[in-house]
There are 2 protein chains.
Amino acid sequence: MNDVIFETVISTVAADGTPHVAPMGVRYRGAEVILMPFKPSTTLANIVADAHAVLNIVTDTRVFAGSVTGRRTWQLQPAERIAGVRLECALNHVELALAELRDDPQRPVLRMARVFEASHAPYIGFNRAQAAVIEAAILASRLHLLPRERIEREIAALEIVVAKTAGPNEQTAWDWLKTTIESHFGAIETTAS
Amino acid sequence: MNDVIFETVISTVAADGTPHVAPMGVRYRGAEVILMPFKPSTTLANIVADAHAVLNIVTDTRVFAGSVTGRRTWQLQPAERIAGVRLECALNHVELALAELRDDPQRPVLRMARVFEASHAPYIGFNRAQAAVIEAAILASRLHLLPRERIEREIAALEIVVAKTAGPNEQTAWDWLKTTIESHFGAIETTAS
């Protein structure tokens with residue numbers, strides 16, 4: 001398998017109609033999109049039940065930062081060809097149907113076929129602050145796994161990039177992550193004292 | 001001015017017809033694209049002479065890594081509406097005409113108006129390795145300015161991301177940068193011994 005991983009956002013809908021929006025690293029293989037959600041996963045449960053999902057290509061990093069800081073309510077639009085939703089801020093989206101599910105105790109592999117795709121806004125280039133937010137979101141999702149000193153060092157380096165190149169959305173995303181990281185370590189200090 | 005900076009590639013043509021391809025951080029202001037090249041700059045000289053340029057939106061990070069490791073020969077296509085060139089690998093490109101040049105001893109400001117734009121390939125999502133290559137390219141362009149210890153620490157952290165998420169193009173770009181950085185520090189050691 002080609003192991004190039006792209007950070008995207010998958011939107012699914014539960015049996016009761018509740019939408020679920022979750023960042024996910026995906027792989028492309030030919031025309032198919034490969035999802036490998038870690039169990040347990042609402043995205044996985046929804047796809048198993050409904051056999052559909054939407055791949056959202058997003059550069060608004062608030063969606064990535066929000067998902068690790070308790071913010072998952074985003075403007076949605078109905079999908080065109082499936083009973084699903086897409087993110088309104090998606091630059092483009094692909095509506096997907098489950099082609100094959102290879103189950104696994106930890107990380108099943110879902111081969112998803114393209115049903116429909118549409119563009120909504122042009123991609124306008126790399127923004128270093130967006131990449132810094134993605135890295136900080138990954139750090140923020142691993143606060144219990146990584147040494148505090150490493151997290152603080154990496155956040156300090158990323159913050160320089162954010163200060164130089166961020167727009168308002170990146171700054172908001174950064175502030176959410178910073179608050180979450182600081183309150184985590186604040187809590188640790190309180191517990192230790 | 002909105003200070004959000006996007007990392008793009010500007011292609012220009014000299015009076016003798018020689019194309020010039022250079023990564024540049026640009027700003028968008030309304031419909032205009034703002035360029036602020038540091039002097040001396042072949043891009044600046046070409047725009048002053050010809051009043052045109054092409055903005056290339058590129059995710060093939062070999063172009064960024066190549067520019068700091070002595071590789072500037074890329075597949076080009078003629079522009080549509082101006083006497084210029086675009087990168088064949090551009091996801092999209094914008095043909096630009098100079099609207100205003102505010103000169104400055106170090107960093108003039110060029111307001112560029114859009115003449116034409118076209119899409120060539122869809123954007124398929126963030127790739128962390130691409131962002132890592134951009135950061136490493138910036139480090140590689142500052143080898144004489146930054147402490148060796150900081151560069152080595154940051155390169156080691158970025159390399160983990162590349163190993164996890166790179167495709168062949170990102171791996172090639174990374175290898176070019178790594179070789180350049182190692183030969184710089186190798187040269188320093190040789191000089192010091």
# chains A, B, ... in the order shown; residues from 1 in each chain; ligands from 1
>>> interface_residues(of="chain B", to="chain A", cutoff="6 Å", atoms="only C-alpha atoms", output="number ranges by chain")
B: 4-8, 57, 125-127, 165-167
>>> write_last_selection(atoms="N, CA and C atoms", output="PDB file, in the first residue's frame")
ATOM      1  N   VAL B   4      -1.384  36.959   6.685  1.00  0.00           N
ATOM      2  CA  VAL B   4      -1.342  35.523   6.429  1.00  0.00           C
ATOM      3  C   VAL B   4      -0.452  35.275   5.222  1.00  0.00           C
ATOM      4  N   ILE B   5       0.517  34.395   5.399  1.00  0.00           N
ATOM      5  CA  ILE B   5       1.492  34.152   4.336  1.00  0.00           C
ATOM      6  C   ILE B   5       1.294  32.744   3.783  1.00  0.00           C
ATOM      7  N   PHE B   6       1.242  32.637   2.468  1.00  0.00           N
ATOM      8  CA  PHE B   6       1.107  31.348   1.794  1.00  0.00           C
ATOM      9  C   PHE B   6       2.381  31.085   0.993  1.00  0.00           C
ATOM     10  N   GLU B   7       2.873  29.852   1.123  1.00  0.00           N
ATOM     11  CA  GLU B   7       4.127  29.487   0.455  1.00  0.00           C
ATOM     12  C   GLU B   7       3.794  28.988  -0.953  1.00  0.00           C
ATOM     13  N   THR B   8       4.220  29.749  -1.932  1.00  0.00           N
ATOM     14  CA  THR B   8       3.889  29.459  -3.326  1.00  0.00           C
ATOM     15  C   THR B   8       5.176  29.507  -4.147  1.00  0.00           C
ATOM     16  N   ILE B  57       0.512  27.449  -7.518  1.00  0.00           N
ATOM     17  CA  ILE B  57       0.142  26.789  -6.268  1.00  0.00           C
ATOM     18  C   ILE B  57       0.571  25.334  -6.416  1.00  0.00           C
ATOM     19  N   GLY B 125      -5.522  17.283   0.304  1.00  0.00           N
ATOM     20  CA  GLY B 125      -5.423  17.308   1.761  1.00  0.00           C
ATOM     21  C   GLY B 125      -4.029  17.609   2.261  1.00  0.00           C
ATOM     22  N   PHE B 126      -3.966  17.985   3.536  1.00  0.00           N
ATOM     23  CA  PHE B 126      -2.694  18.213   4.216  1.00  0.00           C
ATOM     24  C   PHE B 126      -1.852  16.950   4.203  1.00  0.00           C
ATOM     25  N   ASN B 127      -0.589  17.099   3.938  1.00  0.00           N
ATOM     26  CA  ASN B 127       0.347  16.007   4.150  1.00  0.00           C
ATOM     27  C   ASN B 127       1.443  16.530   5.075  1.00  0.00           C
ATOM     28  N   THR B 165       4.821   9.811   6.970  1.00  0.00           N
ATOM     29  CA  THR B 165       3.752  10.317   6.095  1.00  0.00           C
ATOM     30  C   THR B 165       4.188  10.687   4.681  1.00  0.00           C
ATOM     31  N   ALA B 166       5.468  10.499   4.345  1.00  0.00           N
ATOM     32  CA  ALA B 166       5.962  10.967   3.044  1.00  0.00           C
ATOM     33  C   ALA B 166       5.607  10.028   1.909  1.00  0.00           C
ATOM     34  N   GLY B 167       5.435  10.593   0.738  1.00  0.00           N
ATOM     35  CA  GLY B 167       5.417   9.846  -0.508  1.00  0.00           C
ATOM     36  C   GLY B 167       6.769   9.988  -1.179  1.00  0.00           C
TER      37      GLY B 167
END
>>> residues_around(residues="Asp16 (chain B)", least_positions_apart="5", cutoff="12 Å", atoms="only C-alpha atoms", output="list in words")
Asn46, Ala49 and Asp50 of chain B
>>> residues_around(residues="Leu35 (chain B)", least_positions_apart="2", cutoff="7 Å", atoms="only C-alpha atoms", output="compact mmCIF listing (two decimals) with all heavy atoms, in the first residue's frame")
# COMPACT_ATOMS: atom_id res chain seq x y z
N VAL B 26 3.64 34.59 -0.21
CA VAL B 26 2.83 35.70 -0.75
C VAL B 26 1.68 35.99 0.20
O VAL B 26 1.32 35.18 1.05
CB VAL B 26 2.28 35.37 -2.16
CG1 VAL B 26 3.40 34.92 -3.08
CG2 VAL B 26 1.16 34.33 -2.10
N ARG B 27 1.11 37.18 0.04
CA ARG B 27 -0.09 37.57 0.77
C ARG B 27 -1.21 37.81 -0.25
O ARG B 27 -0.95 38.25 -1.37
CB ARG B 27 0.17 38.85 1.56
CG ARG B 27 1.16 38.66 2.71
CD ARG B 27 1.62 40.01 3.24
NE ARG B 27 2.44 39.87 4.44
CZ ARG B 27 3.74 39.60 4.44
NH1 ARG B 27 4.39 39.40 3.29
NH2 ARG B 27 4.40 39.50 5.58
N VAL B 33 -2.57 39.89 -5.41
CA VAL B 33 -1.53 39.08 -4.79
C VAL B 33 -0.36 40.01 -4.49
O VAL B 33 0.08 40.76 -5.37
CB VAL B 33 -1.08 37.94 -5.74
CG1 VAL B 33 0.02 37.10 -5.10
CG2 VAL B 33 -2.28 37.08 -6.12
N PRO B 37 9.59 40.51 -2.46
CA PRO B 37 10.88 39.83 -2.60
C PRO B 37 11.99 40.60 -1.88
O PRO B 37 11.98 41.83 -1.86
CB PRO B 37 11.10 39.86 -4.12
CG PRO B 37 10.28 41.00 -4.63
CD PRO B 37 9.09 41.11 -3.71
N VAL B 109 7.42 46.24 -2.21
CA VAL B 109 6.09 45.63 -2.19
C VAL B 109 5.48 45.74 -3.58
O VAL B 109 5.34 46.83 -4.13
CB VAL B 109 5.17 46.34 -1.16
CG1 VAL B 109 3.78 45.71 -1.17
CG2 VAL B 109 5.79 46.27 0.23
N LEU B 110 5.14 44.57 -4.15
CA LEU B 110 4.56 44.54 -5.50
C LEU B 110 3.10 44.12 -5.41
O LEU B 110 2.81 43.01 -4.95
CB LEU B 110 5.31 43.54 -6.39
CG LEU B 110 6.71 43.94 -6.86
CD1 LEU B 110 7.72 43.90 -5.73
CD2 LEU B 110 7.17 43.04 -8.01
N ARG B 111 2.22 45.01 -5.80
CA ARG B 111 0.79 44.65 -5.89
C ARG B 111 0.55 44.10 -7.29
O ARG B 111 0.79 44.78 -8.28
CB ARG B 111 -0.10 45.87 -5.65
CG ARG B 111 -0.16 46.32 -4.19
CD ARG B 111 -1.03 47.57 -4.04
NE ARG B 111 -2.19 47.52 -4.93
CZ ARG B 111 -2.63 48.53 -5.67
NH1 ARG B 111 -2.04 49.70 -5.64
NH2 ARG B 111 -3.67 48.37 -6.46
>>> atom_distance(atom1="CA of Phe64 (chain B)", atom2="CA of Ala136 (chain B)")
9.7 Å
>>> select_by_dssp(residues="chain B", states="alpha helix (DSSP H)", output="MDAnalysis selection string")
chainID B and resid 42:50 62:67 128:140 148:165 168:192
>>> closest_residue(among="A:Ala14, A:Ile151, A:Ala83, A:Leu44", to="Arg102 (chain A)", atoms="only C-alpha atoms")
A:Leu44
>>> atom_distance(atom1="CA of Ser11 (chain A)", atom2="CA of Arg29 (chain A)")
19.9 Å
>>> residues_around(residues="Phe38 (chain B)", least_positions_apart="6", cutoff="8 Å", atoms="only C-alpha atoms", output="mmCIF file with all heavy atoms, in the first residue's frame")
data_model
loop_
_atom_site.group_PDB
_atom_site.id
_atom_site.type_symbol
_atom_site.label_atom_id
_atom_site.label_comp_id
_atom_site.auth_asym_id
_atom_site.auth_seq_id
_atom_site.Cartn_x
_atom_site.Cartn_y
_atom_site.Cartn_z
ATOM 1 N N GLN B 106 15.311 47.208 1.007
ATOM 2 C CA GLN B 106 15.478 45.776 1.264
ATOM 3 C C GLN B 106 14.388 44.920 0.649
ATOM 4 O O GLN B 106 14.639 43.840 0.125
ATOM 5 C CB GLN B 106 15.500 45.524 2.788
ATOM 6 C CG GLN B 106 16.838 45.854 3.390
ATOM 7 C CD GLN B 106 16.801 46.013 4.886
ATOM 8 O OE1 GLN B 106 15.737 46.075 5.497
ATOM 9 N NE2 GLN B 106 17.968 46.080 5.488
ATOM 10 N N ARG B 107 13.127 45.419 0.742
ATOM 11 C CA ARG B 107 12.009 44.536 0.444
ATOM 12 C C ARG B 107 10.862 45.316 -0.174
ATOM 13 O O ARG B 107 9.916 45.710 0.527
ATOM 14 C CB ARG B 107 11.549 43.878 1.759
ATOM 15 C CG ARG B 107 11.018 42.511 1.529
ATOM 16 C CD ARG B 107 10.640 41.780 2.783
ATOM 17 N NE ARG B 107 9.923 40.586 2.333
ATOM 18 C CZ ARG B 107 9.275 39.767 3.128
ATOM 19 N NH1 ARG B 107 9.222 39.991 4.431
ATOM 20 N NH2 ARG B 107 8.646 38.709 2.639
ATOM 21 N N PRO B 108 10.918 45.569 -1.480
ATOM 22 C CA PRO B 108 9.829 46.305 -2.129
ATOM 23 C C PRO B 108 8.515 45.517 -2.064
ATOM 24 O O PRO B 108 8.521 44.308 -1.871
ATOM 25 C CB PRO B 108 10.306 46.442 -3.579
ATOM 26 C CG PRO B 108 11.363 45.415 -3.750
ATOM 27 C CD PRO B 108 11.968 45.175 -2.408
#
>>> select_by_dssp(residues="chain A", states="strand (DSSP E or B)", output="ChimeraX atom specification")
/A:6-13,19-29,32-35,52-57,76-78,85-87,92-102,109-119,126
>>> atom_distance(atom1="CA of Lys178 (chain A)", atom2="CA of Arg148 (chain B)")
28.3 Å
